[in-house]
$ cat data-v2.cif   # mmCIF, C-alpha atoms
data_query
#
loop_
_atom_site.label_atom_id
_atom_site.label_comp_id
_atom_site.auth_asym_id
_atom_site.auth_seq_id
_atom_site.Cartn_x
_atom_site.Cartn_y
_atom_site.Cartn_z
CA MET A 1 117.69 113.16 32.37
CA THR A 2 113.99 112.57 32.91
CA ASP A 3 111.17 115.03 32.65
CA ARG A 4 109.88 114.33 36.12
CA PRO A 5 109.46 117.63 37.94
CA ILE A 6 111.56 118.16 41.05
CA THR A 7 109.41 117.84 44.16
CA GLU A 8 109.91 119.02 47.73
CA ASP A 9 110.22 115.36 48.64
CA ASP A 10 113.12 115.03 46.20
CA LEU A 11 114.82 117.99 47.81
CA HIS A 12 114.50 116.53 51.31
CA ALA A 13 115.74 113.19 50.04
CA TYR A 14 118.68 115.04 48.51
CA VAL A 15 119.55 116.55 51.91
CA ASP A 16 119.19 113.13 53.52
CA GLY A 17 121.23 111.34 50.86
CA ARG A 18 118.34 109.10 49.87
CA LEU A 19 118.34 109.64 46.08
CA ASP A 20 119.85 107.38 43.47
CA ALA A 21 122.76 108.80 41.51
CA ALA A 22 120.71 109.85 38.47
CA ARG A 23 118.06 111.70 40.45
CA ASN A 24 120.71 113.21 42.66
CA GLU A 25 122.30 114.78 39.63
CA GLU A 26 118.99 116.16 38.41
CA VAL A 27 118.28 117.74 41.78
CA SER A 28 121.76 119.15 41.90
CA ALA A 29 121.30 120.73 38.48
CA TYR A 30 117.94 122.13 39.57
CA LEU A 31 119.46 123.71 42.67
CA ASP A 32 122.13 125.39 40.59
CA LYS A 33 119.39 127.17 38.74
CA HIS A 34 117.31 128.05 41.77
CA PRO A 35 119.47 129.80 44.37
CA ASP A 36 116.57 130.61 46.73
CA VAL A 37 115.56 126.99 47.00
CA ALA A 38 119.21 126.02 47.21
CA ASN A 39 119.68 128.37 50.17
CA ARG A 40 116.75 126.94 52.02
CA PHE A 41 117.87 123.36 51.55
CA ALA A 42 121.47 124.23 52.34
CA SER A 43 120.24 125.50 55.68
CA TYR A 44 118.35 122.20 56.22
CA SER A 45 121.55 120.39 55.46
CA VAL A 46 123.40 122.43 58.09
CA GLN A 47 120.64 121.60 60.59
CA ARG A 48 121.18 117.93 59.88
CA THR A 49 124.89 118.20 60.57
CA LEU A 50 124.35 120.25 63.71
CA LEU A 51 121.77 117.83 65.08
CA GLN A 52 124.07 114.90 64.46
CA GLY A 53 126.93 116.78 66.10
CA ALA A 54 124.80 117.47 69.16
CA PHE A 55 123.24 114.03 69.57
CA ASP A 56 125.88 111.62 68.33
CA PRO A 57 128.09 111.89 71.42
CA ILE A 58 125.26 110.27 73.41
CA ALA A 59 125.52 107.14 71.30
CA GLY A 60 129.23 107.10 72.00
CA GLU A 61 128.76 106.97 75.77
CA PRO A 62 129.33 103.59 77.38
CA VAL A 63 126.01 101.79 77.80
CA PRO A 64 125.02 101.77 81.50
CA SER A 65 125.02 98.39 83.13
CA ARG A 66 121.26 98.46 83.78
CA LEU A 67 120.70 98.56 80.00
CA ASN A 68 122.75 95.43 79.48
CA LEU A 69 120.36 93.01 77.77
CA ASN A 70 122.00 89.96 79.31
CA HIS A 71 121.43 91.37 82.78
CA ILE A 72 117.81 92.24 82.05
CA ILE A 73 117.12 88.78 80.67
CA ALA A 74 118.84 87.10 83.64
CA THR A 75 116.86 89.22 86.13
CA ARG A 76 113.61 88.31 84.44
CA ARG A 77 114.44 84.61 84.60
CA GLN A 78 115.30 84.94 88.25
CA ASN A 79 112.01 86.67 88.94
CA ARG A 80 110.10 84.02 87.10
CA ILE A 81 111.73 81.33 89.16
CA SER A 82 111.21 83.28 92.39
CA SER A 83 107.54 83.76 91.73
CA TRP A 84 107.21 80.07 90.98
CA ARG A 85 108.95 79.30 94.27
CA LEU A 86 106.74 81.73 96.11
CA ALA A 87 103.65 80.11 94.66
CA ALA A 88 104.95 76.67 95.62
CA ALA A 89 105.72 77.87 99.14
CA ALA A 90 102.26 79.39 99.47
CA ALA A 91 100.68 76.16 98.29
CA VAL A 92 102.64 74.21 100.86
CA LEU A 93 101.54 76.57 103.62
CA LEU A 94 97.92 76.40 102.57
CA PHE A 95 97.98 72.63 102.54
CA ALA A 96 99.97 72.45 105.78
CA GLY A 97 96.81 73.00 107.77
CA GLY A 98 93.80 75.24 107.88
CA SER A 99 94.94 77.49 110.69
CA GLY A 100 98.51 77.84 109.43
CA GLY A 101 97.36 78.61 105.94
CA TRP A 102 94.81 81.15 107.04
CA TYR A 103 97.33 82.72 109.34
CA MET A 104 99.63 83.34 106.38
CA ARG A 105 96.75 84.63 104.35
CA ASP A 106 96.09 87.29 106.94
CA ILE A 107 99.69 88.40 106.79
CA MET A 108 100.04 88.40 103.04
CA VAL A 109 96.74 89.85 101.95
CA PRO A 110 95.96 93.47 102.86
CA PRO A 111 92.62 94.18 104.56
CA SER A 112 89.93 93.12 102.15
CA GLU A 113 86.94 94.93 103.55
CA GLY A 114 85.55 98.43 103.59
CA VAL A 115 86.87 101.39 101.66
CA VAL A 116 90.38 99.89 101.56
CA ALA A 117 89.03 97.03 99.49
CA LEU A 118 86.96 99.43 97.41
CA ALA A 119 90.05 101.52 96.69
CA ARG A 120 91.89 98.44 95.50
CA GLU A 121 88.99 97.38 93.29
CA ALA A 122 88.85 100.86 91.77
CA SER A 123 92.59 100.80 91.04
CA ASP A 124 92.24 97.37 89.47
CA SER A 125 89.39 98.59 87.28
CA PHE A 126 91.48 101.56 86.25
CA THR A 127 94.43 99.35 85.41
CA THR A 128 92.27 97.01 83.36
CA TYR A 129 90.01 99.42 81.54
CA ALA A 130 91.62 102.87 81.34
CA GLY A 131 94.32 101.58 79.00
CA ASP A 132 91.83 99.69 76.86
CA ARG A 133 91.77 101.17 73.39
CA THR A 134 89.17 98.85 71.94
CA ARG A 135 86.36 99.07 74.45
CA PRO A 136 87.14 100.94 77.64
CA VAL A 137 83.46 101.21 78.49
CA GLU A 138 80.63 98.81 77.78
CA LEU A 139 77.97 101.50 77.45
CA ARG A 140 78.87 104.94 76.20
CA ALA A 141 77.68 108.22 77.64
CA ASP A 142 74.82 108.37 75.11
CA SER A 143 73.30 105.25 76.69
CA MET A 144 73.22 106.58 80.23
CA VAL A 145 69.66 105.58 80.95
CA GLU A 146 70.48 102.03 80.02
CA LEU A 147 73.67 102.12 82.12
CA VAL A 148 71.84 103.41 85.18
CA GLY A 149 69.16 100.75 84.70
CA TRP A 150 71.75 98.02 84.38
CA ALA A 151 73.71 99.14 87.44
CA THR A 152 70.55 99.59 89.53
CA GLU A 153 69.44 96.08 88.72
CA ARG A 154 72.84 94.55 89.55
CA MET A 155 73.67 96.57 92.66
CA GLY A 156 70.19 96.98 94.07
CA ARG A 157 70.84 100.71 94.43
CA LYS A 158 70.39 103.47 91.92
CA PRO A 159 73.72 105.14 91.22
CA VAL A 160 74.30 108.85 90.68
CA LEU A 161 76.39 109.77 87.64
CA PRO A 162 78.56 112.70 88.70
CA ASP A 163 79.21 115.47 86.20
CA LEU A 164 82.85 116.60 86.05
CA SER A 165 82.57 118.77 82.97
CA LYS A 166 83.33 121.91 85.00
CA SER A 167 86.79 120.45 85.58
CA GLY A 168 87.16 119.53 81.92
CA TYR A 169 86.36 115.82 82.27
CA ARG A 170 83.66 114.29 80.09
CA LEU A 171 81.82 111.15 81.03
CA MET A 172 82.85 108.51 78.48
CA GLY A 173 80.50 105.84 79.80
CA GLY A 174 80.74 102.89 82.10
CA ARG A 175 80.13 99.25 82.85
CA VAL A 176 79.11 96.94 85.63
CA VAL A 177 82.22 95.29 87.06
CA SER A 178 82.58 92.37 89.39
CA THR A 179 84.24 92.85 92.77
CA PRO A 180 84.73 90.42 95.65
CA HIS A 181 81.88 92.34 97.30
CA GLY A 182 79.35 92.10 94.51
CA ALA A 183 78.59 94.13 91.44
CA GLY A 184 79.89 97.68 91.18
CA LEU A 185 79.49 100.44 88.66
CA MET A 186 82.59 101.77 86.98
CA LEU A 187 82.38 105.15 85.27
CA MET A 188 85.15 106.48 83.06
CA TYR A 189 85.91 110.12 82.32
CA ASP A 190 88.43 111.75 80.04
CA ASN A 191 89.60 115.25 79.21
CA ASP A 192 90.92 116.90 76.05
CA GLN A 193 94.39 115.53 76.68
CA GLY A 194 93.04 112.00 76.77
CA THR A 195 93.67 111.65 80.51
CA ARG A 196 91.30 109.06 81.85
CA LEU A 197 89.81 108.79 85.32
CA VAL A 198 87.79 105.98 86.78
CA MET A 199 85.17 106.14 89.47
CA LEU A 200 83.96 102.96 91.08
CA THR A 201 80.87 102.86 93.25
CA ARG A 202 79.20 99.92 94.98
CA PRO A 203 77.09 99.19 98.07
CA MET A 204 79.15 98.79 101.25
CA ALA A 205 78.62 96.10 103.89
CA VAL A 206 81.55 97.31 105.98
CA ASP A 207 82.38 101.02 106.32
CA GLN A 208 78.94 102.27 105.44
CA THR A 209 80.03 105.81 106.10
CA ARG A 210 83.65 106.70 106.04
CA THR A 211 85.55 109.95 105.51
CA MET A 212 87.55 110.44 102.37
CA THR A 213 91.09 109.07 102.42
CA PRO A 214 93.80 108.96 99.77
CA HIS A 215 95.16 105.70 98.46
CA SER A 216 97.83 104.65 96.07
CA GLN A 217 98.58 101.43 94.24
CA GLY A 218 101.59 101.45 91.95
CA LYS A 219 101.21 104.41 89.63
CA VAL A 220 97.51 104.76 90.31
CA ASP A 221 96.38 107.24 92.95
CA GLY A 222 92.91 107.86 94.25
CA TRP A 223 90.49 108.89 97.00
CA ALA A 224 87.90 106.64 98.54
CA TRP A 225 85.00 107.29 100.89
CA ALA A 226 81.58 105.98 101.77
CA SER A 227 78.31 107.61 102.64
CA ASN A 228 74.85 106.19 103.29
CA GLY A 229 75.95 102.66 102.53
CA MET A 230 77.49 103.46 99.15
CA GLY A 231 81.24 103.51 98.61
CA TYR A 232 83.04 105.66 96.07
CA SER A 233 86.56 105.71 94.81
CA LEU A 234 87.97 108.06 92.19
CA VAL A 235 91.30 106.94 90.70
CA GLY A 236 93.65 107.98 87.96
CA SER A 237 97.32 108.22 87.17
CA LEU A 238 97.36 111.78 88.45
CA PRO A 239 98.95 113.05 91.65
CA SER A 240 96.48 112.64 94.48
CA GLN A 241 96.34 116.39 95.16
CA ALA A 242 95.06 116.87 91.59
CA LEU A 243 92.38 114.23 92.11
CA HIS A 244 91.25 115.60 95.46
CA PRO A 245 89.09 118.52 94.20
CA LEU A 246 87.45 116.19 91.68
CA ALA A 247 86.69 113.64 94.38
CA ASP A 248 85.30 116.44 96.56
CA ASP A 249 83.09 117.56 93.72
CA ILE A 250 81.77 114.02 93.23
CA ARG A 251 81.08 113.69 96.96
CA LYS A 252 79.02 116.86 96.93
CA GLN A 253 77.08 115.75 93.88
CA VAL A 254 76.23 112.30 95.22
CA GLN A 255 75.22 113.74 98.60
CA GLY A 256 73.02 116.32 96.92
CA GLU A 257 71.16 113.56 95.13
CA ALA A 258 71.00 111.05 97.94
CA MET B 1 118.21 75.72 92.55
CA ALA B 2 121.34 77.45 91.35
CA ARG B 3 121.57 75.01 88.49
CA LEU B 4 117.99 75.70 87.50
CA ALA B 5 118.59 79.44 87.55
CA ARG B 6 121.63 79.18 85.37
CA GLY B 7 120.10 76.78 82.89
CA GLY B 8 116.74 78.48 82.74
CA PRO B 9 114.11 77.29 80.31
CA THR B 10 115.78 75.58 77.39
CA THR B 11 113.11 76.57 74.91
CA GLY B 12 113.44 80.02 73.44
CA ARG B 13 117.22 79.88 73.67
CA SER B 14 117.75 80.69 70.04
CA ALA B 15 115.07 83.38 70.16
CA MET B 16 117.06 85.04 72.94
CA ASP B 17 120.27 84.79 70.91
CA ASP B 18 118.42 86.32 68.01
CA LEU B 19 117.19 89.12 70.23
CA LEU B 20 120.66 89.80 71.60
CA SER B 21 122.31 89.95 68.23
CA GLN B 22 119.66 92.26 66.78
CA VAL B 23 118.78 94.52 69.67
CA GLU B 24 122.06 94.97 71.50
CA PRO B 25 123.65 97.03 68.69
CA MET B 26 120.66 99.39 68.75
CA ILE B 27 121.00 100.39 72.40
CA PRO B 28 123.31 103.40 71.85
CA ALA B 29 120.88 104.79 69.26
CA LEU B 30 117.91 104.14 71.54
CA ARG B 31 119.60 106.13 74.30
CA ARG B 32 120.24 108.94 71.86
CA TYR B 33 116.65 109.02 70.62
CA ALA B 34 115.26 108.94 74.16
CA ARG B 35 117.40 111.97 75.03
CA GLY B 36 115.56 113.94 72.35
CA PHE B 37 112.43 113.55 74.50
CA VAL B 38 113.72 113.47 78.04
CA HIS B 39 116.79 115.49 78.71
CA ASP B 40 117.75 114.09 82.02
CA ALA B 41 120.09 111.22 81.15
CA VAL B 42 118.84 109.00 83.97
CA ALA B 43 115.18 109.52 83.05
CA ALA B 44 115.99 108.89 79.39
CA ASP B 45 117.70 105.64 80.32
CA ASP B 46 114.62 104.69 82.35
CA LEU B 47 112.67 104.91 79.12
CA VAL B 48 115.19 102.78 77.30
CA GLN B 49 115.09 100.22 80.10
CA ASP B 50 111.28 100.10 79.92
CA CYS B 51 111.59 99.68 76.19
CA LEU B 52 114.07 96.81 76.48
CA GLU B 53 111.88 95.02 79.02
CA ARG B 54 108.99 95.19 76.59
CA VAL B 55 111.15 94.12 73.70
CA ILE B 56 112.23 91.04 75.64
CA SER B 57 108.74 90.07 76.73
CA HIS B 58 107.16 90.61 73.30
CA TRP B 59 110.01 89.45 71.09
CA HIS B 60 108.40 86.12 70.23
CA ARG B 61 105.18 87.83 69.22
CA ARG B 62 106.88 90.32 66.93
CA ARG B 63 105.28 90.36 63.50
CA ASN B 64 107.28 93.21 62.07
CA GLU B 65 110.16 92.03 59.92
CA ASP B 66 112.30 95.07 60.60
CA ALA B 67 113.39 94.76 64.23
CA ARG B 68 114.80 98.28 64.24
CA THR B 69 111.51 99.99 63.41
CA TRP B 70 109.67 97.72 65.83
CA VAL B 71 112.00 98.57 68.71
CA PHE B 72 112.00 102.27 67.89
CA ALA B 73 108.20 102.26 67.75
CA ILE B 74 108.07 100.81 71.28
CA LEU B 75 110.50 103.43 72.57
CA HIS B 76 108.68 106.21 70.76
CA ASN B 77 105.32 105.26 72.25
CA LEU B 78 106.78 105.05 75.73
CA ALA B 79 108.44 108.44 75.27
CA VAL B 80 105.24 110.08 74.07
CA ASN B 81 103.34 108.66 77.03
CA ARG B 82 106.01 109.96 79.37
CA LEU B 83 105.77 113.42 77.82
CA ARG B 84 102.03 113.44 78.26
CA GLN B 85 102.35 112.40 81.88
CA ALA B 86 104.94 115.09 82.48
CA ALA B 87 102.73 117.69 80.82
CA ARG B 88 99.84 116.60 82.99
CA ARG B 89 101.96 116.94 86.08
CA GLY B 90 103.11 120.33 84.91
CA GLN B 91 106.77 119.45 84.83
CA HIS B 92 109.04 121.22 82.44
CA VAL B 93 112.72 121.49 81.99
CA ALA B 94 114.43 124.78 81.42
CA LEU B 95 116.05 124.78 78.05
CA GLU B 96 119.41 126.02 79.30
CA GLU B 97 119.65 122.84 81.28
CA ILE B 98 118.91 120.74 78.24
CA ALA B 99 121.49 122.42 76.10
CA ASP B 100 124.15 122.37 78.82
CA ASP B 101 123.36 118.83 79.68
CA LEU B 102 123.65 117.64 76.12
CA MET B 103 126.87 119.50 75.60
CA ALA B 104 128.57 117.81 78.53
CA HIS B 105 130.93 120.78 78.81
CA PRO B 106 130.18 124.48 78.52
CA PRO B 107 129.96 125.55 74.90
CA THR B 108 132.92 127.70 74.06
CA GLN B 109 133.71 126.98 70.44
CA GLU B 110 131.50 128.40 67.78
CA ASP B 111 130.51 124.89 66.67
CA ASP B 112 129.45 124.01 70.17
CA LEU B 113 127.37 127.15 70.40
CA ALA B 114 125.65 126.31 67.14
CA ARG B 115 124.90 122.80 68.47
CA ALA B 116 123.53 124.15 71.73
CA ASP B 117 121.38 126.47 69.66
CA VAL B 118 120.02 123.72 67.48
CA VAL B 119 119.23 121.59 70.52
CA SER B 120 117.32 124.36 72.22
CA ALA B 121 115.64 125.16 68.90
CA ILE B 122 114.28 121.67 68.31
CA GLN B 123 112.81 121.69 71.80
CA GLN B 124 110.52 124.44 70.55
CA LEU B 125 109.09 122.22 67.85
CA ALA B 126 105.91 120.31 68.50
CA GLU B 127 106.51 116.67 69.41
CA GLU B 128 105.28 115.29 66.08
CA PRO B 129 107.51 117.18 63.65
CA ARG B 130 110.42 116.91 66.09
CA SER B 131 110.21 113.11 66.23
CA VAL B 132 110.24 112.91 62.46
CA LEU B 133 113.25 115.19 62.19
CA LEU B 134 115.21 113.28 64.82
CA LEU B 135 114.43 109.92 63.25
CA VAL B 136 115.42 111.16 59.80
CA ALA B 137 118.41 113.36 60.56
CA VAL B 138 119.92 111.79 63.67
CA GLU B 139 118.81 108.16 63.53
CA ASP B 140 119.16 108.12 59.75
CA LEU B 141 116.05 106.02 59.20
CA SER B 142 114.52 105.91 55.74
CA TYR B 143 111.22 107.73 55.26
CA ALA B 144 109.44 104.37 55.00
CA GLN B 145 110.97 103.25 58.31
CA VAL B 146 109.90 106.50 59.98
CA ALA B 147 106.36 105.94 58.69
CA GLU B 148 106.42 102.51 60.28
CA VAL B 149 107.83 103.69 63.62
CA LEU B 150 105.22 106.41 63.92
CA ALA B 151 102.41 104.40 62.30
CA ILE B 152 101.60 107.22 59.91
CA PRO B 153 101.46 107.40 56.09
CA ILE B 154 104.67 108.35 54.33
CA GLY B 155 103.03 111.52 53.00
CA THR B 156 102.55 112.64 56.59
CA VAL B 157 106.20 111.88 57.32
CA MET B 158 107.22 114.18 54.48
CA SER B 159 104.92 117.01 55.47
CA ARG B 160 106.05 116.83 59.10
CA LEU B 161 109.67 116.76 58.01
CA SER B 162 109.14 119.78 55.84
CA ARG B 163 107.34 121.61 58.65
CA ALA B 164 110.05 120.73 61.17
CA ARG B 165 112.89 121.91 58.97
CA GLU B 166 111.27 125.16 58.01
CA ARG B 167 110.28 125.97 61.58
CA LEU B 168 113.75 125.16 62.82
CA ARG B 169 115.23 127.43 60.18
CA GLN B 170 112.97 130.28 61.29
CA ILE B 171 113.95 129.79 64.92
CA LEU B 172 117.64 129.59 64.15
CA GLU B 173 117.53 132.61 61.89
CA SER B 174 115.32 134.74 64.10
CA PRO B 175 116.87 137.89 65.64
CA ALA B 176 116.49 136.54 69.17
CA ARG B 177 119.00 133.83 68.34
CA GLY B 178 122.50 134.18 69.60
CA VAL B 179 121.50 135.95 72.80
CA ARG B 180 121.71 132.73 74.75
CA PRO B 181 120.37 129.30 74.18
CA GLY B 182 117.01 129.08 75.86
CA SER B 183 116.56 132.82 76.25
CA HIS B 184 113.22 132.59 74.43
CA LEU B 185 111.82 131.00 77.57
CA ARG B 186 111.75 134.36 79.21
CA ARG B 187 110.64 136.21 76.13
CA VAL B 188 107.08 137.38 76.47
CA LYS B 189 105.04 137.83 73.35
#
$ encode --input "data-v2.cif" --output "structure tokens"
Amino acid sequence: MTDRPITEDDLHAYVDGRLDAARNEEVSAYLDKHPDVANRFASYSVQRTLLQGAFDPIAGEPVPSRLNLNHIIATRRQNRISSWRLAAAAAVLLFAGGSGGWYMRDIMVPPSEGVVALAREASDSFTTYAGDRTRPVELRADSMVELVGWATERMGRKPVLPDLSKSGYRLMGGRVVSTPHGAGLMLMYDNDQGTRLVMLTRPMAVDQTRTMTPHSQGKVDGWAWASNGMGYSLVGSLPSQALHPLADDIRKQVQGEA
Amino acid sequence: MARLARGGPTTGRSAMDDLLSQVEPMIPALRRYARGFVHDAVAADDLVQDCLERVISHWHRRRNEDARTWVFAILHNLAVNRLRQAARRGQHVALEEIADDLMAHPPTQEDDLARADVVSAIQQLAEEPRSVLLLVAVEDLSYAQVAEVLAIPIGTVMSRLSRARERLRQILESPARGVRPGSHLRRVK
């Protein structure tokens, strides 16, 4: 026997069968002398048995075919080879002749102008930055003056920073991002649950004014519109009906300022 | 082309064998753990499938010596993300469904009723203590392994475990118990 006092941790380890024989005996002796504690831990022990009884049958079910590791590995290999073949085929087509190649390009690439392109750029920014734990934004909300200055210089237009705090979203900050249509300003917002939203704005050459339309790319939904030569797209991994009032709010705010 | 597909890249062969021999035996337990988060069996298996895809693509970059805690950590993080998404979208599952679903057949025996009760009771725990309890009691991981899966200090594991067990005891011993699993959903405080 040792003189080490019995701790709560010892008692849990006793229930979970994690003690060595000597300590197990000491805890057992302790419980004999302390019926209240013994009752409590006996009930924990029953919980353990009940939980195992409820969940163990799941582990006994046959593993579905889609969780077969061999199948998953084989499918991945196949996909790798297919994408290599696709790339090779595309290269052949591009080299086969200017017109043929460009013809294919038109078929394979969705429209790359106007708010459709903006929507795609916003979704891409969301995908790249919203999941970034290290540095989602280049300049944080406390450096807003600097951010506005930076964006104004790069875009040639002074951006408006919409305030979504009424809807529970704080401005985290932003950064200048590159798009195929020049520099844009990405702003990121989050709420208390850590849900992040991204708004991308940039000057528009095509679709200078365009009504708001929903868009969706994979798991990222959003709304895009343009007014007075500036395009806006608000995106997030929220259902588009949840994003709509926020996008509406932003539209009002940027119009009020413009 | 068929030959290429069958042969595949020759490098990484043994890494794949290694992966198969270590991860394949875990799959039943992964399905079980996922079901503690997502009660619909198909949705839970979606999580496991996501997890396995990630395990395969990151296997060669794995630094953790203990493959089991590494794989469970991936599944856990995916499950927590899924829960957050579901909460954001306002989805919830009625607890009767969970209990019935887990039971596979209607609970008639007293044992079955007690299991249905415990299942609906753990759903009332917050995600953090519940994960600890499931990893300890159902997955039978050591406290150190749980700390690694959840990336928290072992002291936090112990305090969450203690909290989970005591809360579960209160729920199971409360007067409302025994009315019907899940009846608390309609109880208004």
$ interface_residues --input "data-v2.cif" --of "chain A" --to "chain B" --cutoff "9 Å" --atoms "all atoms listed in the file" --output "ChimeraX atom specification"
/A:8-9,12-13,16,18,40,43-44,47-64,66-70,72-74,76-78,81,193,195,237-239,242
$ residues_around --input "data-v2.cif" --residues "Leu147 in chain A" --least-positions-apart "3" --cutoff "10 Å" --atoms "all atoms listed in the file" --output "PDB file with C-alpha atoms, in the coordinates of the input"
ATOM      1  CA  GLU A 138      80.630  98.810  77.780  1.00  0.00           C
ATOM      2  CA  LEU A 139      77.970 101.500  77.450  1.00  0.00           C
ATOM      3  CA  ARG A 140      78.870 104.940  76.200  1.00  0.00           C
ATOM      4  CA  ALA A 141      77.680 108.220  77.640  1.00  0.00           C
ATOM      5  CA  ASP A 142      74.820 108.370  75.110  1.00  0.00           C
ATOM      6  CA  SER A 143      73.300 105.250  76.690  1.00  0.00           C
ATOM      7  CA  MET A 144      73.220 106.580  80.230  1.00  0.00           C
ATOM      8  CA  TRP A 150      71.750  98.020  84.380  1.00  0.00           C
ATOM      9  CA  ALA A 151      73.710  99.140  87.440  1.00  0.00           C
ATOM     10  CA  THR A 152      70.550  99.590  89.530  1.00  0.00           C
ATOM     11  CA  GLU A 153      69.440  96.080  88.720  1.00  0.00           C
ATOM     12  CA  PRO A 159      73.720 105.140  91.220  1.00  0.00           C
ATOM     13  CA  LEU A 161      76.390 109.770  87.640  1.00  0.00           C
ATOM     14  CA  GLY A 173      80.500 105.840  79.800  1.00  0.00           C
ATOM     15  CA  GLY A 174      80.740 102.890  82.100  1.00  0.00           C
ATOM     16  CA  ARG A 175      80.130  99.250  82.850  1.00  0.00           C
ATOM     17  CA  VAL A 176      79.110  96.940  85.630  1.00  0.00           C
ATOM     18  CA  LEU A 185      79.490 100.440  88.660  1.00  0.00           C
ATOM     19  CA  LEU A 187      82.380 105.150  85.270  1.00  0.00           C
TER      20      LEU A 187
END
$ atom_distance --input "data-v2.cif" --atom1 "CA of Val149 in chain B" --atom2 "CA of Phe72 in chain B"
6.1 Å
$ atom_distance --input "data-v2.cif" --atom1 "CA of Pro5 in chain A" --atom2 "CA of Ala21 in chain A"
16.4 Å
$ atom_distance --input "data-v2.cif" --atom1 "CA of Thr69 in chain B" --atom2 "CA of Gln145 in chain B"
6.1 Å
$ residues_around --input "data-v2.cif" --residues "Arg202 in chain A" --least-positions-apart "5" --cutoff "9 Å" --atoms "all atoms listed in the file" --output "PDB file with C-alpha atoms, keeping the file's coordinate frame"
ATOM      1  CA  LEU A 118      86.960  99.430  97.410  1.00  0.00           C
ATOM      2  CA  MET A 155      73.670  96.570  92.660  1.00  0.00           C
ATOM      3  CA  ARG A 157      70.840 100.710  94.430  1.00  0.00           C
ATOM      4  CA  PRO A 159      73.720 105.140  91.220  1.00  0.00           C
ATOM      5  CA  THR A 179      84.240  92.850  92.770  1.00  0.00           C
ATOM      6  CA  HIS A 181      81.880  92.340  97.300  1.00  0.00           C
ATOM      7  CA  GLY A 182      79.350  92.100  94.510  1.00  0.00           C
ATOM      8  CA  ALA A 183      78.590  94.130  91.440  1.00  0.00           C
ATOM      9  CA  GLY A 184      79.890  97.680  91.180  1.00  0.00           C
ATOM     10  CA  LEU A 185      79.490 100.440  88.660  1.00  0.00           C
ATOM     11  CA  MET A 186      82.590 101.770  86.980  1.00  0.00           C
ATOM     12  CA  GLY A 229      75.950 102.660 102.530  1.00  0.00           C
ATOM     13  CA  MET A 230      77.490 103.460  99.150  1.00  0.00           C
ATOM     14  CA  GLY A 231      81.240 103.510  98.610  1.00  0.00           C
ATOM     15  CA  TYR A 232      83.040 105.660  96.070  1.00  0.00           C
TER      16      TYR A 232
END
$ resolve_selection --input "data-v2.cif" --expression "the PyMOL selection byres ((chain A and resi 27) around 8)" --output "list in words"
Ile6, Asp10, Leu11, Tyr14, Arg23, Asn24, Glu25, Glu26, Ser28, Ala29, Tyr30 and Leu31 of chain A
$ resolve_selection --input "data-v2.cif" --expression "the PyMOL selection byres ((chain A and resi 234) around 12)" --output "VMD selection string"
chain A and resid 115 118 to 126 162 164 185 to 189 196 to 201 212 to 216 220 to 226 231 to 233 235 to 238 240 242 to 251
$ write_last_selection --input "data-v2.cif" --atoms "C-alpha atoms" --output "short mmCIF file (atom, residue, chain, number, x, y, z; two decimals), in the frame of the given file"
data_model
loop_
_atom_site.label_atom_id
_atom_site.label_comp_id
_atom_site.auth_asym_id
_atom_site.auth_seq_id
_atom_site.Cartn_x
_atom_site.Cartn_y
_atom_site.Cartn_z
CA VAL A 115 86.87 101.39 101.66
CA LEU A 118 86.96 99.43 97.41
CA ALA A 119 90.05 101.52 96.69
CA ARG A 120 91.89 98.44 95.50
CA GLU A 121 88.99 97.38 93.29
CA ALA A 122 88.85 100.86 91.77
CA SER A 123 92.59 100.80 91.04
CA ASP A 124 92.24 97.37 89.47
CA SER A 125 89.39 98.59 87.28
CA PHE A 126 91.48 101.56 86.25
CA PRO A 162 78.56 112.70 88.70
CA LEU A 164 82.85 116.60 86.05
CA LEU A 185 79.49 100.44 88.66
CA MET A 186 82.59 101.77 86.98
CA LEU A 187 82.38 105.15 85.27
CA MET A 188 85.15 106.48 83.06
CA TYR A 189 85.91 110.12 82.32
CA ARG A 196 91.30 109.06 81.85
CA LEU A 197 89.81 108.79 85.32
CA VAL A 198 87.79 105.98 86.78
CA MET A 199 85.17 106.14 89.47
CA LEU A 200 83.96 102.96 91.08
CA THR A 201 80.87 102.86 93.25
CA MET A 212 87.55 110.44 102.37
CA THR A 213 91.09 109.07 102.42
CA PRO A 214 93.80 108.96 99.77
CA HIS A 215 95.16 105.70 98.46
CA SER A 216 97.83 104.65 96.07
CA VAL A 220 97.51 104.76 90.31
CA ASP A 221 96.38 107.24 92.95
CA GLY A 222 92.91 107.86 94.25
CA TRP A 223 90.49 108.89 97.00
CA ALA A 224 87.90 106.64 98.54
CA TRP A 225 85.00 107.29 100.89
CA ALA A 226 81.58 105.98 101.77
CA GLY A 231 81.24 103.51 98.61
CA TYR A 232 83.04 105.66 96.07
CA SER A 233 86.56 105.71 94.81
CA VAL A 235 91.30 106.94 90.70
CA GLY A 236 93.65 107.98 87.96
CA SER A 237 97.32 108.22 87.17
CA LEU A 238 97.36 111.78 88.45
CA SER A 240 96.48 112.64 94.48
CA ALA A 242 95.06 116.87 91.59
CA LEU A 243 92.38 114.23 92.11
CA HIS A 244 91.25 115.60 95.46
CA PRO A 245 89.09 118.52 94.20
CA LEU A 246 87.45 116.19 91.68
CA ALA A 247 86.69 113.64 94.38
CA ASP A 248 85.30 116.44 96.56
CA ASP A 249 83.09 117.56 93.72
CA ILE A 250 81.77 114.02 93.23
CA ARG A 251 81.08 113.69 96.96
#
$ axis_aligned_box --input "data-v2.cif" --around "range 58-70 of chain B" --padding-each-side "5 Å" --output "JSON"
{"center_x": 110.0, "center_y": 93.1, "center_z": 66.6, "size_x": 19.6, "size_y": 23.9, "size_z": 23.4}
